[in-house]
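The file coords.cif comes next; it holds mmCIF, C-alpha atoms.
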```
data_run
loop_
_atom_site.group_PDB
_atom_site.id
_atom_site.type_symbol
_atom_site.label_atom_id
_atom_site.label_comp_id
_atom_site.auth_asym_id
_atom_site.auth_seq_id
_atom_site.Cartn_x
_atom_site.Cartn_y
_atom_site.Cartn_z
ATOM 1 C CA MET A 1 142.100 34.914 83.577
ATOM 2 C CA SER A 2 145.568 36.340 83.047
ATOM 3 C CA THR A 3 147.045 39.799 83.395
ATOM 4 C CA GLN A 4 146.686 40.091 79.618
ATOM 5 C CA SER A 5 142.891 40.098 79.930
ATOM 6 C CA TYR A 6 142.824 42.151 83.161
ATOM 7 C CA ARG A 7 141.307 45.650 83.070
ATOM 8 C CA PRO A 8 141.198 47.855 86.174
ATOM 9 C CA SER A 9 137.857 48.260 87.890
ATOM 10 C CA PRO A 10 136.326 51.765 88.195
ATOM 11 C CA LEU A 11 137.768 54.077 90.870
ATOM 12 C CA HIS A 12 136.961 53.132 94.442
ATOM 13 C CA PRO A 13 136.291 55.518 97.330
ATOM 14 C CA VAL A 14 139.474 57.152 98.553
ATOM 15 C CA GLU A 15 140.284 60.038 100.889
ATOM 16 C CA LEU A 16 143.407 61.962 101.769
ATOM 17 C CA VAL A 17 143.231 62.767 105.477
ATOM 18 C CA ASP A 18 145.402 65.251 107.385
ATOM 19 C CA SER A 19 145.861 64.289 111.033
ATOM 20 C CA GLY A 20 147.883 67.206 112.327
ATOM 21 C CA GLY A 21 150.461 67.170 109.543
ATOM 22 C CA GLN A 22 150.508 63.357 109.125
ATOM 23 C CA TRP A 23 148.816 62.472 105.846
ATOM 24 C CA SER A 24 146.962 59.223 105.326
ATOM 25 C CA LEU A 25 145.399 57.649 102.284
ATOM 26 C CA VAL A 26 142.149 55.905 103.221
ATOM 27 C CA PHE A 27 141.044 53.427 100.590
ATOM 28 C CA THR A 28 137.655 51.659 100.834
ATOM 29 C CA ARG A 29 136.792 48.481 98.998
ATOM 30 C CA ASP A 30 133.810 46.121 99.208
ATOM 31 C CA PHE A 31 134.197 42.380 98.714
ATOM 32 C CA PRO A 32 131.350 39.867 98.323
ATOM 33 C CA HIS A 33 133.245 37.488 100.610
ATOM 34 C CA PRO A 34 133.091 36.871 104.371
ATOM 35 C CA PRO A 35 135.534 38.678 106.678
ATOM 36 C CA GLU A 36 137.507 35.467 107.364
ATOM 37 C CA ALA A 37 138.297 35.070 103.653
ATOM 38 C CA VAL A 38 139.474 38.695 103.402
ATOM 39 C CA TRP A 39 141.458 38.264 106.640
ATOM 40 C CA SER A 40 143.216 35.220 105.224
ATOM 41 C CA ALA A 41 144.149 37.121 102.045
ATOM 42 C CA LEU A 42 145.647 39.902 104.206
ATOM 43 C CA THR A 43 147.621 37.684 106.596
ATOM 44 C CA ASP A 44 148.603 34.397 104.915
ATOM 45 C CA PRO A 45 152.002 34.652 103.159
ATOM 46 C CA GLY A 46 150.874 32.315 100.372
ATOM 47 C CA GLU A 47 147.817 34.436 99.649
ATOM 48 C CA LEU A 48 149.747 37.724 99.981
ATOM 49 C CA ALA A 49 152.122 36.502 97.272
ATOM 50 C CA GLU A 50 149.122 36.166 94.929
ATOM 51 C CA TRP A 51 147.987 39.811 95.082
ATOM 52 C CA ALA A 52 150.290 42.119 97.070
ATOM 53 C CA PRO A 53 153.602 43.692 96.038
ATOM 54 C CA TYR A 54 155.159 41.656 98.861
ATOM 55 C CA THR A 55 154.856 38.487 100.850
ATOM 56 C CA ALA A 56 155.945 37.850 104.430
ATOM 57 C CA ASP A 57 158.292 35.463 106.191
ATOM 58 C CA ARG A 58 155.409 34.461 108.498
ATOM 59 C CA SER A 59 151.697 34.980 109.010
ATOM 60 C CA LEU A 60 150.765 38.582 109.713
ATOM 61 C CA ALA A 61 148.073 37.348 112.135
ATOM 62 C CA ALA A 62 150.458 37.509 115.123
ATOM 63 C CA LEU A 63 152.112 40.485 116.818
ATOM 64 C CA GLY A 64 155.833 41.083 116.499
ATOM 65 C CA PRO A 65 158.642 41.505 113.989
ATOM 66 C CA VAL A 66 158.103 40.402 110.402
ATOM 67 C CA THR A 67 160.117 40.551 107.206
ATOM 68 C CA LEU A 68 158.148 41.706 104.187
ATOM 69 C CA ILE A 69 159.664 40.521 100.926
ATOM 70 C CA MET A 70 159.073 42.788 97.937
ATOM 71 C CA ILE A 71 159.042 40.781 94.730
ATOM 72 C CA ASP A 72 159.365 42.316 91.255
ATOM 73 C CA GLY A 73 160.313 39.679 88.703
ATOM 74 C CA GLU A 74 163.617 38.173 89.798
ATOM 75 C CA THR A 75 164.321 41.047 92.208
ATOM 76 C CA LYS A 76 163.572 40.471 95.896
ATOM 77 C CA LEU A 77 164.000 43.079 98.614
ATOM 78 C CA GLU A 78 163.580 42.225 102.288
ATOM 79 C CA LEU A 79 162.142 44.988 104.469
ATOM 80 C CA PRO A 80 161.810 44.811 108.244
ATOM 81 C CA GLY A 81 158.321 45.350 109.598
ATOM 82 C CA GLU A 82 156.389 45.081 112.835
ATOM 83 C CA VAL A 83 152.853 43.800 113.307
ATOM 84 C CA SER A 84 151.528 46.137 116.014
ATOM 85 C CA GLN A 85 147.790 45.356 116.136
ATOM 86 C CA VAL A 86 145.817 42.176 115.472
ATOM 87 C CA ASP A 87 142.121 41.633 116.157
ATOM 88 C CA ARG A 88 141.027 38.727 113.953
ATOM 89 C CA PRO A 89 139.167 39.236 111.612
ATOM 90 C CA ARG A 90 138.577 42.956 112.190
ATOM 91 C CA LEU A 91 141.889 44.801 112.444
ATOM 92 C CA LEU A 92 145.451 44.382 111.249
ATOM 93 C CA GLU A 93 148.169 47.032 111.516
ATOM 94 C CA TYR A 94 151.846 46.782 110.626
ATOM 95 C CA THR A 95 154.744 48.816 109.329
ATOM 96 C CA TRP A 96 155.951 48.436 105.782
ATOM 97 C CA SER A 97 158.977 50.296 104.463
ATOM 98 C CA GLY A 98 158.724 52.725 107.395
ATOM 99 C CA GLU A 99 155.039 53.469 106.806
ATOM 100 C CA ILE A 100 152.012 52.184 108.717
ATOM 101 C CA LEU A 101 149.324 50.127 107.010
ATOM 102 C CA ARG A 102 146.056 49.692 108.905
ATOM 103 C CA TRP A 103 143.466 47.255 107.531
ATOM 104 C CA GLU A 104 139.967 47.434 109.054
ATOM 105 C CA ILE A 105 137.426 44.770 108.108
ATOM 106 C CA THR A 106 133.679 45.207 108.634
ATOM 107 C CA GLU A 107 131.112 42.521 107.926
ATOM 108 C CA THR A 108 128.245 43.730 105.739
ATOM 109 C CA ALA A 109 125.030 42.125 104.496
ATOM 110 C CA GLY A 110 126.765 41.509 101.160
ATOM 111 C CA GLY A 111 130.176 40.427 102.467
ATOM 112 C CA THR A 112 132.951 42.670 103.730
ATOM 113 C CA THR A 113 134.009 46.296 103.601
ATOM 114 C CA LEU A 114 137.755 46.811 103.822
ATOM 115 C CA HIS A 115 139.266 50.153 104.868
ATOM 116 C CA LEU A 116 142.982 50.474 104.215
ATOM 117 C CA THR A 117 144.655 53.439 105.893
ATOM 118 C CA HIS A 118 148.168 53.977 104.549
ATOM 119 C CA HIS A 119 150.056 56.582 106.594
ATOM 120 C CA LEU A 120 152.191 58.419 104.054
ATOM 121 C CA SER A 121 155.643 59.857 104.490
ATOM 122 C CA ASP A 122 154.824 62.364 101.727
ATOM 123 C CA ARG A 123 151.362 63.692 100.732
ATOM 124 C CA ALA A 124 152.513 63.999 97.118
ATOM 125 C CA GLN A 125 152.649 60.180 96.848
ATOM 126 C CA ALA A 126 148.921 59.752 97.572
ATOM 127 C CA ALA A 127 147.761 59.165 93.983
ATOM 128 C CA MET A 128 150.657 56.809 93.236
ATOM 129 C CA MET A 129 149.776 54.749 96.289
ATOM 130 C CA ALA A 130 146.057 54.809 95.469
ATOM 131 C CA ALA A 131 146.769 53.546 91.948
ATOM 132 C CA GLY A 132 149.012 50.799 93.280
ATOM 133 C CA TRP A 133 146.552 49.687 95.955
ATOM 134 C CA HIS A 134 143.738 49.804 93.385
ATOM 135 C CA LEU A 135 145.567 47.258 91.215
ATOM 136 C CA CYS A 136 146.488 45.130 94.235
ATOM 137 C CA LEU A 137 142.951 45.031 95.591
ATOM 138 C CA ASP A 138 141.549 44.247 92.131
ATOM 139 C CA VAL A 139 143.893 41.252 92.054
ATOM 140 C CA ALA A 140 142.907 40.332 95.640
ATOM 141 C CA ALA A 141 139.243 40.363 94.547
ATOM 142 C CA LEU A 142 140.086 37.987 91.699
ATOM 143 C CA LEU A 143 141.973 35.711 94.110
ATOM 144 C CA LEU A 144 139.009 35.665 96.504
ATOM 145 C CA ALA A 145 136.693 34.885 93.580
ATOM 146 C CA GLY A 146 138.799 31.841 92.705
ATOM 147 C CA THR A 147 140.364 33.316 89.555
ATOM 148 C CA PRO A 148 143.879 34.347 90.658
ATOM 149 C CA ILE A 149 146.098 36.124 88.146
ATOM 150 C CA GLY A 150 149.111 36.858 90.364
ATOM 151 C CA PRO A 151 150.360 40.246 91.509
ATOM 152 C CA ILE A 152 150.604 43.162 89.097
ATOM 153 C CA VAL A 153 153.779 45.026 90.047
ATOM 154 C CA GLY A 154 156.631 46.959 88.460
ATOM 155 C CA ALA A 155 156.568 47.249 84.680
ATOM 156 C CA ASP A 156 153.552 44.937 84.584
ATOM 157 C CA ALA A 157 151.563 47.573 86.508
ATOM 158 C CA MET A 158 152.493 50.199 83.926
ATOM 159 C CA ASN A 159 151.081 47.907 81.226
ATOM 160 C CA ASN A 160 147.856 47.305 83.143
ATOM 161 C CA GLY A 161 146.413 50.757 83.717
ATOM 162 C CA TRP A 162 148.553 52.101 86.558
ATOM 163 C CA SER A 163 149.320 55.425 84.811
ATOM 164 C CA GLU A 164 145.657 56.061 84.039
ATOM 165 C CA LEU A 165 144.679 55.218 87.623
ATOM 166 C CA ASN A 166 147.454 57.489 88.927
ATOM 167 C CA ARG A 167 146.079 60.417 86.894
ATOM 168 C CA ALA A 168 142.466 59.686 87.901
ATOM 169 C CA TYR A 169 143.309 59.414 91.609
ATOM 170 C CA SER A 170 145.420 62.595 91.335
ATOM 171 C CA ALA A 171 142.317 64.456 90.182
ATOM 172 C CA GLU A 172 140.174 62.766 92.838
ATOM 173 C CA LEU A 173 142.604 63.606 95.670
ATOM 174 C CA GLY A 174 143.675 67.055 94.467
ATOM 175 C CA VAL A 175 147.381 66.230 94.113
ATOM 176 C CA GLU A 176 149.714 66.429 91.150
ATOM 177 C CA PRO A 177 150.372 63.089 89.461
ATOM 178 C CA ILE A 178 153.877 61.738 90.017
ATOM 179 C CA GLU A 179 155.289 59.212 87.593
ATOM 180 C CA PRO A 180 157.586 56.682 89.245
ATOM 181 C CA PRO A 181 161.126 55.965 88.112
ATOM 182 C CA LEU A 182 161.310 53.505 85.239
ATOM 183 C CA SER A 183 162.571 50.727 87.519
ATOM 184 C CA GLY A 184 160.948 49.645 90.744
ATOM 185 C CA ASP A 185 157.374 49.083 91.719
ATOM 186 C CA PRO A 186 155.030 51.962 90.884
ATOM 187 C CA GLY A 187 152.831 52.991 93.716
ATOM 188 C CA HIS A 188 154.530 50.660 96.211
#
```

For this file, produce the structure as structure tokens.
Amino acid sequence: MSTQSYRPSPLHPVELVDSGGQWSLVFTRDFPHPPEAVWSALTDPGELAEWAPYTADRSLAALGPVTLIMIDGETKLELPGEVSQVDRPRLLEYTWSGEILRWEITETAGGTTLHLTHHLSDRAQAAMMAAGWHLCLDVAALLLAGTPIGPIVGADAMNNGWSELNRAYSAELGVEPIEPPLSGDPGH
């Protein structure tokens, strides 16, 4: 499979949660794979590079400083981060571009349920982030299934359903859709 034959999956459960003025996007996704496989996709730099809008200079499975490397075509941007919580294979939390990402993994009869909580600096960005994470987690599902297509970021995301997902998640979350600047990575 390639990104040319990729089509986004239907919307996945998402919530916009207000915790005393701090907004969080909570994205839920089921995978028919064991927790260890999902954990590896979330923490191994080689696997991150296959589905996420970034990779890391080291495994995310250990506490401490980390550099997350955003990759969009030939452009690379290094961002400092900090892995603050690790409980293999159940919980991973780290900062990314000043925001906190919390990944919670629960084993189910059919595989794994993943809850991603993305603490937002601005509530208005919720649909953009949901659309971006939707594409990323679709690609992660393909990677886990053994049919990797590589990350869908930047202009490639715009050509693979990001705008439609942004509008659909805007309606779902009750926020106005925001279109990203023409350059950069939409939703991330």

Exercise. Kindly extract all protein, DNA and RNA residues lying within 9 Å of the coordinates (148.7, 46.4, 106.9) given in the file, considering only C-alpha atoms, and supply them as a list in words.
Key: Leu42, Thr43, Leu60, Val83, Leu91, Leu92, Glu93, Tyr94, Thr95, Trp96, Ile100, Leu101, Arg102, Trp103, Leu116, Thr117 and His118 of chain A

Self-check item: Interatomic distance, CA of Glu36 (chain A) to CA of Pro89 (chain A) (Å, one decimal)
Solution: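 About the pair CA of Glu36 (chain A) and CA of Pro89 (chain A): they are 5.9 Å apart.
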
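Going from CA of Pro13 (chain A) over to CA of Pro35 (chain A), you cover 19.3 Å.
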
Practice problem: List, as a list in words, every residue that the PyMOL selection byres ((chain A and resi 11) around 9) selects in the file provided. | Solution: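 Evaluating the PyMOL selection byres ((chain A and resi 11) around 9) on these coordinates yields Pro8, Ser9, Pro10, His12, Pro13, Val14, His134, Leu165, Ala168 and Tyr169 of chain A.
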
Exercise. Given the file shown, enumerate the residues that the PyMOL selection byres ((chain A and resi 157) around 10) captures and present them as a list of chain:residue names.
Key: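 Output from the PyMOL selection byres ((chain A and resi 157) around 10), applied to this file: A:Thr3, A:Ala131, A:Gly132, A:Leu135, A:Cys136, A:Pro151, A:Ile152, A:Val153, A:Gly154, A:Ala155, A:Asp156, A:Met158, A:Asn159, A:Asn160, A:Gly161, A:Trp162, A:Ser163, A:Asp185, A:Pro186, A:Gly187.
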
Exercise. For CA of Glu104 (chain A) and CA of Arg88 (chain A), quote the distance in Å rounded to one decimal.
Key: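 These atoms are spaced 10.0 Å apart.
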
Exercise. I would like the residues chosen by the PyMOL selection byres ((chain A and resi 48) around 12) on the shown file; could you give them as number ranges by chain?
Key: A: 38-47, 49-60, 68-71, 136-137, 139-140, 143-144, 148, 150-151

Quiz prompt | For region 24-32 of chain A: contacts at 7 Å, all atoms listed in the file, fewer than 3 positions along chain excluded, given as a VMD selection string | solution = chain A and resid 12 to 18 110 to 120 126 141

Selection near Ile178 (chain A), 8 Å with only C-alpha atoms, sequence-local residues under 4 positions removed, as a short mmCIF file (atom, residue, chain, number, x, y, z; two decimals) with C-alpha atoms, keeping the file's coordinate frame:
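Below is the file part-v2.cif, written as the result:
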```cif
data_model
loop_
_atom_site.label_atom_id
_atom_site.label_comp_id
_atom_site.auth_asym_id
_atom_site.auth_seq_id
_atom_site.Cartn_x
_atom_site.Cartn_y
_atom_site.Cartn_z
CA ALA A 124 152.51 64.00 97.12
CA GLN A 125 152.65 60.18 96.85
CA ALA A 127 147.76 59.16 93.98
CA MET A 128 150.66 56.81 93.24
CA ASN A 166 147.45 57.49 88.93
#
```

Practice problem: For each of A:Pro34, A:Gln85, A:Val175, A:Gly98, take the minimum atom-to-atom distance to Ala61 (chain A), counting only C-alpha atoms, then give the residue where this is smallest. | Solution: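 Looking only at the distances to Ala61 (chain A), the closest residue turns out to be A:Gln85.
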
Size and centre in Å, one decimal, axis-aligned box, all listed region 150-169 of chain A atoms plus 6 Å per side, as JSON:
```
{"center_x": 149.5, "center_y": 48.6, "center_z": 86.4, "size_x": 26.2, "size_y": 35.6, "size_z": 22.4}
```

Self-check item: Which residue of A:Ser121, A:Ser84, A:Thr75, A:Ser5 approaches Ile149 (chain A) most closely, using only C-alpha atoms
Solution: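 Using only C-alpha atoms, Ile149 (chain A) sits closest to A:Ser5.
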
Exercise. Name all residues at most 10 Å from Ser97 (chain A) (count all atoms listed in the file; drop same-chain ones fewer than 5 positions away) and give them as a list in words.
Key: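 Residues near the query, excluding close chain neighbours: Leu68, Met70, Glu78, Leu79, Pro80, Gly81 and His188 of chain A.
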
Exercise. Counting only C-alpha atoms, figure out which residue out of A:Val66, A:Ser19, A:Asp122, A:Arg90 gets nearest to Glu107 (chain A).
Key: A:Arg90
